[in-house]
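Colleague: If it helps, the file is called upload-v6.cif and holds mmCIF, C-alpha atoms:
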```
data_target
#
loop_
_atom_site.label_atom_id
_atom_site.label_comp_id
_atom_site.auth_asym_id
_atom_site.auth_seq_id
_atom_site.Cartn_x
_atom_site.Cartn_y
_atom_site.Cartn_z
CA MET A 832 -77.05 118.94 22.37
CA ARG A 833 -75.16 119.76 25.56
CA ALA A 834 -77.85 118.10 27.69
CA SER A 835 -77.58 114.94 25.56
CA LEU A 836 -73.80 114.82 26.06
CA VAL A 837 -74.19 115.23 29.83
CA PHE A 838 -76.72 112.38 29.88
CA ILE A 839 -74.44 110.10 27.83
CA PHE A 840 -71.50 110.94 30.12
CA PHE A 841 -73.63 110.15 33.17
CA CYS A 842 -74.70 106.79 31.70
CA LEU A 843 -71.08 105.92 30.90
CA GLN A 844 -70.11 106.65 34.49
CA ILE A 845 -72.82 104.31 35.78
CA LEU A 846 -71.72 101.56 33.38
CA SER A 847 -68.10 102.04 34.41
CA TYR A 848 -68.98 101.83 38.10
CA GLY A 849 -71.11 98.73 37.52
CA GLN A 850 -68.22 97.08 35.67
CA GLN A 851 -65.87 97.85 38.59
CA VAL A 852 -68.36 96.31 41.04
CA ASP A 853 -68.66 93.19 38.89
CA GLU A 854 -64.90 92.83 38.64
CA GLU A 855 -64.53 93.16 42.41
CA LEU A 856 -67.23 90.60 43.13
CA VAL A 857 -65.81 88.10 40.64
CA ALA A 858 -62.29 88.51 42.03
CA ARG A 859 -63.46 87.94 45.58
CA LEU A 860 -65.54 84.91 44.61
CA ASP A 861 -62.57 83.43 42.79
CA SER A 862 -60.41 83.86 45.91
CA ILE A 863 -62.71 81.67 48.05
CA GLU A 864 -61.64 78.03 48.26
CA SER A 865 -64.68 75.87 47.67
CA VAL A 866 -65.47 72.35 46.52
CA LEU A 867 -68.78 73.68 45.19
CA PRO A 868 -68.60 76.00 42.15
CA LEU A 869 -69.14 79.69 42.95
CA ASP A 870 -70.25 80.95 39.55
CA TYR A 871 -71.11 84.56 38.75
CA ASN A 872 -74.14 85.50 36.67
CA ASP A 873 -77.02 87.97 36.77
CA ASN A 874 -79.02 85.92 39.27
CA VAL A 875 -76.03 85.52 41.59
CA ARG A 876 -75.18 89.21 41.20
CA GLN A 877 -78.65 90.20 42.36
CA HIS A 878 -78.26 88.31 45.63
CA LEU A 879 -74.68 89.44 46.16
CA LEU A 880 -75.79 93.07 45.93
CA GLU A 881 -78.31 92.47 48.73
CA PHE A 882 -75.41 91.73 51.06
CA THR A 883 -72.91 94.20 49.66
CA GLY A 884 -75.17 97.18 48.98
CA THR A 885 -76.50 99.61 51.57
CA TYR A 886 -75.92 98.51 55.18
CA ASN A 887 -78.87 96.44 56.40
CA LYS A 888 -79.38 95.90 60.14
CA ARG A 889 -81.16 92.60 59.41
CA PHE A 890 -77.91 91.11 58.11
CA ASP A 891 -76.19 92.01 61.39
CA LYS A 892 -78.67 89.74 63.17
CA ILE A 893 -78.09 86.95 60.62
CA LEU A 894 -74.35 87.26 61.10
CA LYS A 895 -74.63 87.28 64.91
CA ASN A 896 -76.76 84.12 64.89
CA PHE A 897 -74.43 82.33 62.49
CA ILE A 898 -71.11 83.31 64.09
CA THR A 899 -72.39 82.22 67.51
CA TYR A 900 -72.36 78.61 66.28
CA ASP A 901 -69.82 78.70 63.45
CA ASN A 902 -66.89 76.98 65.18
CA TYR A 903 -69.14 74.14 66.33
CA LEU A 904 -70.65 73.82 62.86
CA LYS A 905 -67.23 73.66 61.24
CA ASP A 906 -66.23 70.76 63.50
CA ILE A 907 -69.46 68.88 62.72
CA PHE A 908 -69.09 69.27 58.94
CA ILE A 909 -65.46 68.15 59.07
CA SER A 910 -66.38 65.11 61.19
CA TYR A 911 -68.95 64.01 58.57
CA ASN A 912 -66.60 64.67 55.62
CA VAL A 913 -69.01 67.24 54.19
CA PRO A 914 -67.46 70.34 52.56
CA GLU A 915 -67.10 73.04 55.22
CA GLU A 916 -68.61 75.75 53.02
CA LEU A 917 -71.95 73.92 53.06
CA ARG A 918 -72.46 75.14 56.61
CA PHE A 919 -73.15 78.57 55.05
CA ALA A 920 -76.40 77.05 53.76
CA ALA A 921 -77.79 78.01 57.17
CA ILE A 922 -77.66 81.62 55.94
CA SER A 923 -79.17 80.98 52.51
CA LEU A 924 -81.85 78.50 53.58
CA SER A 925 -83.23 80.13 56.72
CA LYS A 926 -81.29 83.36 57.35
CA CYS A 927 -80.37 81.62 60.63
CA GLU A 928 -83.93 81.97 61.91
CA ASN A 929 -84.67 79.49 64.67
CA LEU A 930 -87.76 80.70 66.53
CA ILE A 931 -90.44 80.70 63.82
CA SER A 932 -91.79 78.10 61.43
CA LEU A 933 -90.54 78.48 57.87
CA SER A 934 -92.31 77.77 54.57
CA GLU A 935 -93.61 74.27 53.76
CA GLY A 936 -93.56 73.31 57.45
CA ARG A 937 -89.77 73.31 57.54
CA GLU A 938 -87.84 74.34 60.64
CA GLY A 939 -84.45 75.38 61.95
CA TYR A 940 -81.19 76.78 60.61
CA PHE A 941 -81.14 74.18 57.84
CA LYS A 942 -84.84 74.51 56.92
CA MET A 943 -85.37 70.82 57.47
CA ARG A 944 -88.41 68.78 56.45
CA TYR A 945 -90.22 66.64 59.01
CA ARG A 946 -89.40 63.31 57.34
CA THR A 947 -85.75 64.19 56.88
CA ALA A 948 -85.42 65.08 60.56
CA THR A 949 -87.19 62.03 61.95
CA SER A 950 -85.30 59.69 59.62
CA HIS A 951 -82.10 60.89 61.29
CA GLY A 952 -83.38 60.52 64.83
CA LEU A 953 -84.56 64.04 65.69
CA SER A 954 -87.56 64.27 68.01
CA ILE A 955 -90.59 66.24 66.84
CA THR A 956 -93.78 66.42 68.93
CA ASN A 957 -96.49 68.96 69.60
CA TYR A 958 -94.15 70.72 72.04
CA ILE A 959 -90.62 69.74 71.02
CA ASP A 960 -88.83 70.24 67.72
CA GLU A 961 -85.17 69.27 67.68
CA ARG A 962 -84.80 70.75 64.20
CA ARG A 963 -84.44 74.01 66.13
CA ASP A 964 -81.38 72.68 67.94
CA VAL A 965 -78.65 74.11 65.71
CA LEU A 966 -76.06 71.41 66.36
CA LEU A 967 -78.44 68.44 66.21
CA SER A 968 -79.95 69.72 62.97
CA ALA A 969 -76.46 70.32 61.55
CA GLU A 970 -75.63 66.65 62.14
CA ALA A 971 -78.89 65.56 60.48
CA PHE A 972 -78.19 67.94 57.58
CA CYS A 973 -74.74 66.41 57.07
CA LYS A 974 -76.16 62.87 57.18
CA GLU A 975 -78.83 63.71 54.62
CA LEU A 976 -76.41 65.47 52.26
CA SER A 977 -74.02 62.52 52.50
CA LEU A 978 -76.83 60.15 51.50
CA ILE A 979 -77.78 62.31 48.51
CA TYR A 980 -74.12 62.70 47.52
CA GLY A 981 -73.83 58.91 47.53
CA ARG A 982 -76.42 58.87 44.71
CA THR A 983 -75.29 61.94 42.76
CA ASN A 984 -71.54 62.11 43.42
CA ASN A 985 -71.97 65.90 43.22
CA TRP A 986 -72.25 68.25 46.22
CA GLN A 987 -73.93 70.98 44.17
CA SER A 988 -76.70 68.62 43.09
CA ALA A 989 -76.90 67.23 46.63
CA LEU A 990 -77.56 70.70 48.07
CA MET A 991 -80.18 71.47 45.43
CA THR A 992 -81.92 68.13 45.91
CA TYR A 993 -82.09 68.86 49.65
CA ALA A 994 -83.26 72.45 49.16
CA VAL A 995 -85.96 71.96 46.52
CA GLY A 996 -86.78 68.27 46.93
CA ASP A 997 -85.75 65.34 44.78
CA LEU A 998 -88.98 65.39 42.74
CA GLU A 999 -88.60 69.03 41.70
CA TRP A 1000 -84.93 68.56 40.79
CA GLN A 1001 -85.64 65.45 38.72
CA LYS A 1002 -88.54 67.17 36.95
CA ALA A 1003 -86.27 70.12 36.07
CA LYS A 1004 -83.68 67.72 34.64
CA VAL A 1005 -86.31 66.09 32.43
CA LEU A 1006 -87.82 69.39 31.27
CA SER A 1007 -84.40 70.85 30.46
CA ARG A 1008 -83.52 67.83 28.32
CA ASP A 1009 -80.04 68.16 29.73
CA THR A 1010 -77.67 65.35 28.79
CA ILE A 1011 -74.35 66.76 30.06
CA GLY A 1012 -75.22 67.76 33.63
CA ASP A 1013 -75.27 71.52 32.97
CA PHE A 1014 -76.38 72.86 36.34
CA TRP A 1015 -77.60 76.29 35.24
CA THR A 1016 -79.58 74.83 32.34
CA ILE A 1017 -81.41 72.53 34.75
CA ASN A 1018 -81.83 75.32 37.31
CA LYS A 1019 -83.79 77.45 34.81
CA TYR A 1020 -86.54 74.81 34.74
CA LEU A 1021 -87.16 74.81 38.47
CA PRO A 1022 -90.34 76.51 39.77
CA PHE A 1023 -89.81 80.24 40.30
CA GLU A 1024 -89.57 80.01 44.10
CA TYR A 1025 -86.70 77.51 43.86
CA GLY A 1026 -84.62 79.01 41.07
CA SER A 1027 -82.71 81.30 43.43
CA GLU A 1028 -81.72 78.68 46.01
CA TYR A 1029 -78.21 78.16 44.68
CA PRO A 1030 -77.55 81.84 43.86
CA LYS A 1031 -78.54 82.60 47.46
CA PHE A 1032 -76.08 79.98 48.67
CA ILE A 1033 -73.26 81.57 46.65
CA ALA A 1034 -74.19 84.96 48.14
CA ALA A 1035 -74.16 83.42 51.64
CA VAL A 1036 -70.66 82.00 51.10
CA PHE A 1037 -69.51 85.41 49.87
CA PHE A 1038 -71.09 87.23 52.82
CA ALA A 1039 -69.59 84.85 55.40
CA ASN A 1040 -66.13 85.43 53.93
CA TYR A 1041 -66.28 89.18 53.27
CA TYR A 1042 -68.82 90.69 55.69
CA SER A 1043 -66.18 92.89 57.35
CA GLU A 1044 -65.45 94.57 53.99
CA TYR A 1045 -69.03 95.87 53.98
CA ASP A 1046 -69.07 97.27 57.55
CA TYR A 1047 -70.75 94.29 59.20
CA LYS A 1048 -69.30 93.19 62.53
CA ALA A 1049 -69.35 89.72 64.06
CA ASN A 1050 -70.96 90.06 67.49
CA PRO A 1051 -71.80 86.53 68.61
CA LEU A 1052 -73.61 85.76 71.84
CA THR A 1053 -70.75 85.05 74.27
CA LEU A 1054 -72.53 83.79 77.33
CA MET A 1055 -71.46 80.96 79.61
CA THR A 1056 -74.32 78.47 79.88
CA GLU A 1057 -75.23 75.28 81.74
CA GLN A 1058 -77.96 72.69 81.31
CA VAL A 1059 -80.32 71.73 84.14
CA LEU A 1060 -82.85 68.90 84.31
CA VAL A 1061 -86.49 70.03 84.31
CA GLU A 1062 -88.59 67.58 86.32
CA LYS A 1063 -92.09 69.09 86.07
CA TYR A 1064 -94.39 70.66 83.50
CA THR A 1065 -93.58 74.36 83.21
CA THR A 1066 -93.19 77.20 80.74
CA LEU A 1067 -90.28 79.36 79.69
CA TYR A 1068 -92.25 82.41 80.81
CA GLN A 1069 -92.66 80.89 84.28
CA LEU A 1070 -88.97 80.06 84.53
CA SER A 1071 -87.80 83.41 83.21
CA SER A 1072 -89.95 85.14 85.84
CA ARG A 1073 -88.76 82.88 88.66
CA LEU A 1074 -85.09 83.03 87.72
CA GLY A 1075 -84.93 86.69 86.73
CA ILE A 1076 -83.87 85.99 83.12
CA ASP A 1077 -85.01 88.00 80.12
CA ASN A 1078 -87.66 85.87 78.44
CA LYS A 1079 -86.37 86.45 74.91
CA LEU A 1080 -82.87 85.35 75.93
CA LEU A 1081 -84.27 82.18 77.51
CA ARG A 1082 -86.17 81.43 74.28
CA GLU A 1083 -83.01 81.93 72.21
CA LEU A 1084 -81.13 79.53 74.46
CA ASN A 1085 -83.93 76.92 74.28
CA PRO A 1086 -85.41 77.08 70.76
CA ILE A 1087 -86.57 73.44 70.72
CA TYR A 1088 -89.53 74.28 72.97
CA LYS A 1089 -91.62 75.63 70.12
CA LYS A 1090 -94.63 76.56 72.29
CA ASN A 1091 -92.43 77.78 75.14
CA ILE A 1092 -93.75 74.84 77.17
CA ILE A 1093 -91.64 72.08 78.73
CA PRO A 1094 -94.06 69.13 78.90
CA ASN A 1095 -94.45 66.81 81.87
CA VAL A 1096 -93.78 63.45 80.27
CA GLU A 1097 -91.57 60.45 80.97
CA LYS A 1098 -88.76 61.68 78.76
CA GLN A 1099 -86.18 63.90 80.45
CA TYR A 1100 -85.92 67.46 79.19
CA TYR A 1101 -83.11 69.89 79.83
CA LEU A 1102 -83.07 73.66 80.04
CA THR A 1103 -80.10 75.78 78.96
CA LEU A 1104 -79.51 78.64 81.40
CA PRO A 1105 -76.89 81.37 81.80
CA SER A 1106 -74.34 79.93 84.25
CA SER A 1107 -75.04 82.81 86.62
CA ARG A 1108 -78.64 81.57 87.04
CA SER A 1109 -78.11 77.81 87.36
CA SER A 1110 -77.36 78.04 91.08
CA THR A 1111 -80.63 79.96 91.59
CA PHE A 1112 -82.48 77.16 89.79
CA TYR A 1113 -81.11 74.56 92.22
CA GLU A 1114 -81.59 76.76 95.28
CA LEU A 1115 -85.29 77.24 94.48
CA GLY A 1116 -85.87 73.51 94.10
CA ASP A 1117 -89.57 72.72 93.55
CA LYS A 1118 -90.43 76.37 94.13
CA VAL A 1119 -89.10 77.15 90.66
CA TYR A 1120 -92.24 75.48 89.27
CA ASN A 1121 -94.67 77.45 91.47
CA TYR A 1122 -96.92 79.71 89.44
CA THR A 1123 -96.01 83.39 89.21
CA PRO A 1124 -97.93 85.99 87.18
CA THR A 1125 -96.55 86.63 83.70
CA ALA A 1126 -94.92 90.02 83.35
CA VAL A 1127 -97.06 92.64 81.61
CA TYR A 1128 -95.75 93.65 78.18
CA THR A 1129 -94.22 97.14 78.18
CA GLY A 1130 -93.20 97.61 74.54
CA THR A 1131 -89.49 97.12 75.25
CA GLU A 1132 -87.18 94.23 75.92
CA VAL A 1133 -83.83 93.75 77.63
CA LYS A 1134 -80.94 92.32 75.66
CA ILE A 1135 -77.30 91.50 76.38
CA VAL A 1136 -74.83 93.84 74.72
CA GLN A 1137 -71.24 92.72 74.22
CA ALA A 1138 -68.67 95.51 74.34
CA GLU A 1139 -66.37 95.45 71.29
CA SER A 1140 -63.11 96.04 73.13
CA THR A 1141 -63.73 93.94 76.27
CA ASN A 1142 -65.52 90.84 77.39
CA GLU A 1143 -67.82 92.86 79.61
CA GLN A 1144 -71.56 92.43 79.07
CA THR A 1145 -74.18 95.06 79.86
CA LEU A 1146 -77.97 95.26 79.66
CA GLU A 1147 -79.72 97.57 77.25
CA THR A 1148 -83.43 98.32 76.84
CA VAL A 1149 -84.59 98.47 73.20
CA ASP A 1150 -87.84 98.63 71.26
CA VAL A 1151 -89.17 95.25 70.11
CA ASP A 1152 -89.56 94.33 66.46
CA SER A 1153 -92.74 95.32 64.66
CA GLU A 1154 -95.34 92.66 63.93
CA SER A 1155 -96.88 94.58 61.04
CA ASP A 1156 -96.33 91.66 58.66
CA TYR A 1157 -98.74 89.44 60.61
CA ASN A 1158 -102.48 88.94 60.07
CA GLN A 1159 -105.14 88.65 62.76
CA ALA A 1160 -107.17 85.57 63.62
CA ILE A 1161 -110.11 85.86 66.01
CA TYR A 1162 -110.98 83.42 68.77
CA HIS A 1163 -113.99 83.53 71.13
CA VAL A 1164 -113.43 82.26 74.66
CA ARG A 1165 -115.37 79.14 75.71
CA SER A 1166 -116.15 77.61 79.06
CA GLY A 1167 -113.02 75.96 80.51
CA ASP A 1168 -110.57 78.03 78.45
CA ILE A 1169 -107.43 79.41 80.03
CA LEU A 1170 -104.70 81.44 78.36
CA LEU A 1171 -102.29 78.51 78.36
CA LYS A 1172 -104.80 76.34 76.47
CA ILE A 1173 -105.45 79.07 73.88
CA ALA A 1174 -101.70 79.60 73.44
CA ASP A 1175 -101.34 75.85 72.85
CA LEU A 1176 -104.04 75.90 70.17
CA PHE A 1177 -102.46 78.81 68.30
CA ASP A 1178 -98.77 77.84 68.74
CA CYS A 1179 -97.90 81.07 70.50
CA GLY A 1180 -97.15 82.19 74.05
CA VAL A 1181 -99.33 83.41 76.89
CA VAL A 1182 -97.38 86.63 77.06
CA ASP A 1183 -98.03 87.20 73.34
CA ILE A 1184 -101.81 86.85 73.79
CA LYS A 1185 -101.74 89.24 76.74
CA ARG A 1186 -99.73 91.74 74.73
CA TRP A 1187 -101.89 91.54 71.60
CA ASN A 1188 -105.07 92.00 73.64
CA LYS A 1189 -103.69 94.38 76.29
CA LEU A 1190 -104.69 92.00 79.08
CA SER A 1191 -103.45 92.88 82.54
CA SER A 1192 -104.62 89.61 84.15
CA ASP A 1193 -105.22 85.96 83.26
CA PHE A 1194 -109.00 86.16 83.76
CA LEU A 1195 -111.22 85.60 80.71
CA ASP A 1196 -114.96 85.98 80.07
CA ILE A 1197 -117.11 83.55 78.06
CA ASN A 1198 -117.42 84.78 74.44
CA GLN A 1199 -114.63 87.31 74.98
CA GLU A 1200 -113.00 88.07 71.63
CA ILE A 1201 -109.29 87.29 71.55
CA ILE A 1202 -106.99 88.56 68.80
CA ILE A 1203 -104.17 86.25 67.69
CA LYS A 1204 -101.44 87.45 65.31
CA VAL A 1205 -100.49 84.81 62.76
CA SER A 1206 -98.40 84.64 59.60
CA PRO A 1207 -100.47 85.31 56.43
CA ASP A 1208 -99.88 81.83 55.01
CA ARG A 1209 -101.30 80.19 58.18
CA LYS A 1210 -104.27 82.50 58.81
CA ALA A 1211 -106.83 80.22 57.12
CA TYR A 1212 -105.77 77.28 59.31
CA TYR A 1213 -105.82 79.21 62.59
CA GLN A 1214 -109.11 80.95 61.83
CA LYS A 1215 -110.81 77.53 61.61
CA ILE A 1216 -110.02 76.86 65.29
CA ASP A 1217 -112.72 79.29 66.42
CA LYS A 1218 -115.37 77.12 64.67
CA MET A 1219 -114.04 73.75 65.82
CA THR A 1220 -115.94 71.50 68.22
CA ASN A 1221 -114.39 70.78 71.61
CA GLU A 1222 -113.36 67.32 70.43
CA GLU A 1223 -111.67 68.75 67.34
CA ARG A 1224 -109.78 71.24 69.49
CA LYS A 1225 -108.65 68.46 71.82
CA ALA A 1226 -107.37 66.54 68.80
CA VAL A 1227 -105.32 69.58 67.74
CA MET A 1228 -103.71 69.77 71.18
CA ARG A 1229 -103.05 66.01 71.32
CA LYS A 1230 -101.45 65.72 67.91
CA ASP A 1231 -97.72 65.16 67.56
#
```
Could the structure of this file be written out as structure tokens, please?
Modeller:
Amino acid sequence: MRASLVFIFFCLQILSYGQQVDEELVARLDSIESVLPLDYNDNVRQHLLEFTGTYNKRFDKILKNFITYDNYLKDIFISYNVPEELRFAAISLSKCENLISLSEGREGYFKMRYRTATSHGLSITNYIDERRDVLLSAEAFCKELSLIYGRTNNWQSALMTYAVGDLEWQKAKVLSRDTIGDFWTINKYLPFEYGSEYPKFIAAVFFANYYSEYDYKANPLTLMTEQVLVEKYTTLYQLSSRLGIDNKLLRELNPIYKKNIIPNVEKQYYLTLPSSRSSTFYELGDKVYNYTPTAVYTGTEVKIVQAESTNEQTLETVDVDSESDYNQAIYHVRSGDILLKIADLFDCGVVDIKRWNKLSSDFLDINQEIIIKVSPDRKAYYQKIDKMTNEERKAVMRKD
């Protein structure tokens, strides 16, 4: 009997605590000014608890990436008369991930489709993807939402149409038999993978407004930068080696070069550099393009650390992220292959191939087995490359 009473008391305590959490979340949501409704339900609660539960280092990275651009994003959204809070969709759509391809071939902070991007003037080729330029993609995002809003006269529906596609949203409306525009009724008829898009957006708005209440700290990249004109074919690895810049930092500053290659074509391409290195770029002149061996992977990387109380920046050596979530594709070296060509075929970098295969030089042997790490959903595609004819491989490298 006593044990039963203790158990009941324990359950009541849990229920009481859960009720307090719900009340706090609802009160904070209600305090946020938003044109879009910020409803609270079980689905929303689930995503809110991801941000507000146990401290998660991954959310620190999301916050850093977002805050780095937030003031610029706010100005862009205001200039296009799009509700400011819709900029937080960068958190819910992509988790502010800019250096990897997302699901369904979408790219960038705003998880943009190819046709959407090109219809608003963004350039996408085999080497360049301007969807990864945060500010350019933000402008395209605002233009697209404005077009959808012109048809729906509802920002909530506009965001969902963008996120899940017009066909899926219209199908859900038909299946729900909704006649009064009840958003949550329609939302229930979306495919499973899309049903959480709006709850995730609400959680993103909440997180962006209350992150400090849950021990997360805004630590944006505060680095003075300049743009320089690149006049010859080169790679980010080559430039980072020549200029003495951490390769990962150079990639973060230049995310549009999706293969880490700056192509030698008629169009002018620019490179964003730390201001402290731009003078070195000009001093080197054509020598900056001269080949230098790629640095051997050591298992660590150097990153810029911003002191909390000052503007001083220091360098810190840290372990790199694990790639345990990736699958392996196998490629056998053919006559005429070089590492740069293989990297082009597999949309990765030379330094990655050398790291995965523990290569200390650029020399390859015919039929040498090369391991490539790829995302699980793309393994089937990349594994086919090993069986392709030379003409088929050339077509892959030529395609836009």
Colleague: If you measure from CA of Lys926 in chain A to CA of Thr899 in chain A, what distance in Å do you get, rounded to one decimal?
Modeller: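 Those two atoms sit 13.6 Å apart.
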Colleague: If the PyMOL selection byres ((chain A and resi 1199) around 9) were run on this exact file, what residues would it hold? Put them as a list in words.
Modeller: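 With the PyMOL selection byres ((chain A and resi 1199) around 9) on this model, the match is Tyr1162, His1163, Val1164, Arg1165, Leu1195, Asp1196, Ile1197, Asn1198, Glu1200 and Ile1201 of chain A.
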Colleague: Can you work out the spacing between CA of Arg944 in chain A and CA of Glu881 in chain A in Å, to one decimal?
Modeller: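 If I compute the distance from CA of Arg944 in chain A to CA of Glu881 in chain A, I get 26.9 Å.
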Colleague: Can you tell me how far CA of Lys1215 in chain A sits from CA of Val1182 in chain A, in Å to one decimal?
Modeller: 22.4 Å
Colleague: Find the residues near Leu1070 in chain A: any atom within 8 Å, counting only C-alpha atoms, skip ones fewer than 6 places away on the same chain, and give them as a ChimeraX atom specification.
Modeller: /A:1076,1119-1120
Colleague: Report as a PyMOL selection string the residues that result from applying the PyMOL selection byres ((chain A and resi 1207-1209) around 8) to the structure here.
Modeller: chain A and resi 1156-1158+1205-1206+1210-1213
Colleague: Based on the selection just made, write C-alpha atoms of those residues as a short mmCIF file (atom, residue, chain, number, x, y, z; two decimals), keeping the file's coordinate frame.
Modeller:
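Below is the file that was written, result22.cif:
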```cif
data_model
loop_
_atom_site.label_atom_id
_atom_site.label_comp_id
_atom_site.auth_asym_id
_atom_site.auth_seq_id
_atom_site.Cartn_x
_atom_site.Cartn_y
_atom_site.Cartn_z
CA ASP A 1156 -96.33 91.66 58.66
CA TYR A 1157 -98.74 89.44 60.61
CA ASN A 1158 -102.48 88.94 60.07
CA VAL A 1205 -100.49 84.81 62.76
CA SER A 1206 -98.40 84.64 59.60
CA LYS A 1210 -104.27 82.50 58.81
CA ALA A 1211 -106.83 80.22 57.12
CA TYR A 1212 -105.77 77.28 59.31
CA TYR A 1213 -105.82 79.21 62.59
#
```
Colleague: Mind telling me what the PyMOL selection byres ((chain A and resi 1028) around 12) catches here, as an NGL selection string?
Modeller: :A and (874-875 or 878 or 920-925 or 987-988 or 990-996 or 1000 or 1015 or 1018-1019 or 1021-1027 or 1029-1035)
Colleague: Just C-alpha atoms for this one: save the residues we selected as a PDB file, in the coordinates of the input.
Modeller:
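Okay, this is what ended up in out.pdb:
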```pdb
ATOM      1  CA  ASN A 874     -79.020  85.920  39.270  1.00  0.00           C
ATOM      2  CA  VAL A 875     -76.030  85.520  41.590  1.00  0.00           C
ATOM      3  CA  HIS A 878     -78.260  88.310  45.630  1.00  0.00           C
ATOM      4  CA  ALA A 920     -76.400  77.050  53.760  1.00  0.00           C
ATOM      5  CA  ALA A 921     -77.790  78.010  57.170  1.00  0.00           C
ATOM      6  CA  ILE A 922     -77.660  81.620  55.940  1.00  0.00           C
ATOM      7  CA  SER A 923     -79.170  80.980  52.510  1.00  0.00           C
ATOM      8  CA  LEU A 924     -81.850  78.500  53.580  1.00  0.00           C
ATOM      9  CA  SER A 925     -83.230  80.130  56.720  1.00  0.00           C
ATOM     10  CA  GLN A 987     -73.930  70.980  44.170  1.00  0.00           C
ATOM     11  CA  SER A 988     -76.700  68.620  43.090  1.00  0.00           C
ATOM     12  CA  LEU A 990     -77.560  70.700  48.070  1.00  0.00           C
ATOM     13  CA  MET A 991     -80.180  71.470  45.430  1.00  0.00           C
ATOM     14  CA  THR A 992     -81.920  68.130  45.910  1.00  0.00           C
ATOM     15  CA  TYR A 993     -82.090  68.860  49.650  1.00  0.00           C
ATOM     16  CA  ALA A 994     -83.260  72.450  49.160  1.00  0.00           C
ATOM     17  CA  VAL A 995     -85.960  71.960  46.520  1.00  0.00           C
ATOM     18  CA  GLY A 996     -86.780  68.270  46.930  1.00  0.00           C
ATOM     19  CA  TRP A1000     -84.930  68.560  40.790  1.00  0.00           C
ATOM     20  CA  TRP A1015     -77.600  76.290  35.240  1.00  0.00           C
ATOM     21  CA  ASN A1018     -81.830  75.320  37.310  1.00  0.00           C
ATOM     22  CA  LYS A1019     -83.790  77.450  34.810  1.00  0.00           C
ATOM     23  CA  LEU A1021     -87.160  74.810  38.470  1.00  0.00           C
ATOM     24  CA  PRO A1022     -90.340  76.510  39.770  1.00  0.00           C
ATOM     25  CA  PHE A1023     -89.810  80.240  40.300  1.00  0.00           C
ATOM     26  CA  GLU A1024     -89.570  80.010  44.100  1.00  0.00           C
ATOM     27  CA  TYR A1025     -86.700  77.510  43.860  1.00  0.00           C
ATOM     28  CA  GLY A1026     -84.620  79.010  41.070  1.00  0.00           C
ATOM     29  CA  SER A1027     -82.710  81.300  43.430  1.00  0.00           C
ATOM     30  CA  TYR A1029     -78.210  78.160  44.680  1.00  0.00           C
ATOM     31  CA  PRO A1030     -77.550  81.840  43.860  1.00  0.00           C
ATOM     32  CA  LYS A1031     -78.540  82.600  47.460  1.00  0.00           C
ATOM     33  CA  PHE A1032     -76.080  79.980  48.670  1.00  0.00           C
ATOM     34  CA  ILE A1033     -73.260  81.570  46.650  1.00  0.00           C
ATOM     35  CA  ALA A1034     -74.190  84.960  48.140  1.00  0.00           C
ATOM     36  CA  ALA A1035     -74.160  83.420  51.640  1.00  0.00           C
TER      37      ALA A1035
END
```
Colleague: Just checking: using all atoms listed in the file, which residue out of A:Leu1006, A:Leu894, A:Ala948, A:Val1227 ends up closest to Lys1048 in chain A?
Modeller: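 Among A:Leu1006, A:Leu894, A:Ala948, A:Val1227, it is A:Leu894 that comes nearest to Lys1048 in chain A.
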Colleague: First collect every listed atom of range 1174-1186 of chain A; then fit an axis-aligned box around them, widen it by 3 Å on each side, and give centre and edge lengths in Å to one decimal, as AutoDock Vina command-line options.
Modeller:
```
--center_x -100.6 --center_y 83.8 --center_z 72.7 --size_x 12.9 --size_y 21.9 --size_z 14.8
```
Colleague: Considering all atoms listed in the file, state which residue in the set A:Asp853, A:Asp891, A:Glu1223, A:Asp1013 is at the smallest distance from Tyr1045 in chain A.
Modeller: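 The closest residue to Tyr1045 in chain A is A:Asp891.
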Colleague: May I have the residues within 8 Å of Pro1105 in chain A as a PyMOL selection string, using all atoms listed in the file and disregarding those fewer than 6 positions away in the same chain?
Modeller: chain A and resi 1054-1057
Colleague: Pull C-alpha atoms from the residues just selected and write them as a compact mmCIF listing (two decimals), in the frame of the given file.
Modeller:
```txt
# COMPACT_ATOMS: atom_id res chain seq x y z
CA LEU A 1054 -72.53 83.79 77.33
CA MET A 1055 -71.46 80.96 79.61
CA THR A 1056 -74.32 78.47 79.88
CA GLU A 1057 -75.23 75.28 81.74
```
Colleague: Pick from A:Leu917, A:Val857, A:Val1059, A:Val1181: nearest to Asp870 in chain A, with only C-alpha atoms counted?
Modeller: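 Closest to Asp870 in chain A, using only C-alpha atoms: A:Val857.
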Colleague: So, counting only C-alpha atoms, which residue among A:Gln851, A:Ala1039, A:Thr983, A:Ser934 is closest to Asp901 in chain A?
Modeller: A:Ala1039
Colleague: Could you pull the residues within 9 Å of Tyr945 in chain A, counting all atoms listed in the file, minus those fewer than 6 positions along the same chain, as a PyMOL selection string?
Modeller: chain A and resi 936-938+955+962
Colleague: Of the residues A:Lys1172, A:Ile1202, A:Thr949, A:Phe941, which is the one nearest to Lys1225 in chain A, using only C-alpha atoms?
Modeller: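 Looking only at the distances to Lys1225 in chain A, the closest residue turns out to be A:Lys1172.
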Colleague: Smallest atom-to-atom distance to Glu1062 in chain A: which of A:Pro1094, A:Gly884, A:Gly952, A:Pro914, using only C-alpha atoms?
Modeller: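 Comparing A:Pro1094, A:Gly884, A:Gly952, A:Pro914 against Glu1062 in chain A, the winner is A:Pro1094.
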Colleague: Please provide the set of residues having any atom within 8 Å of Ile1169 in chain A, restricted to all atoms listed in the file, with same-chain residues fewer than 2 positions apart removed, written as a count of residues only.
Modeller: 7
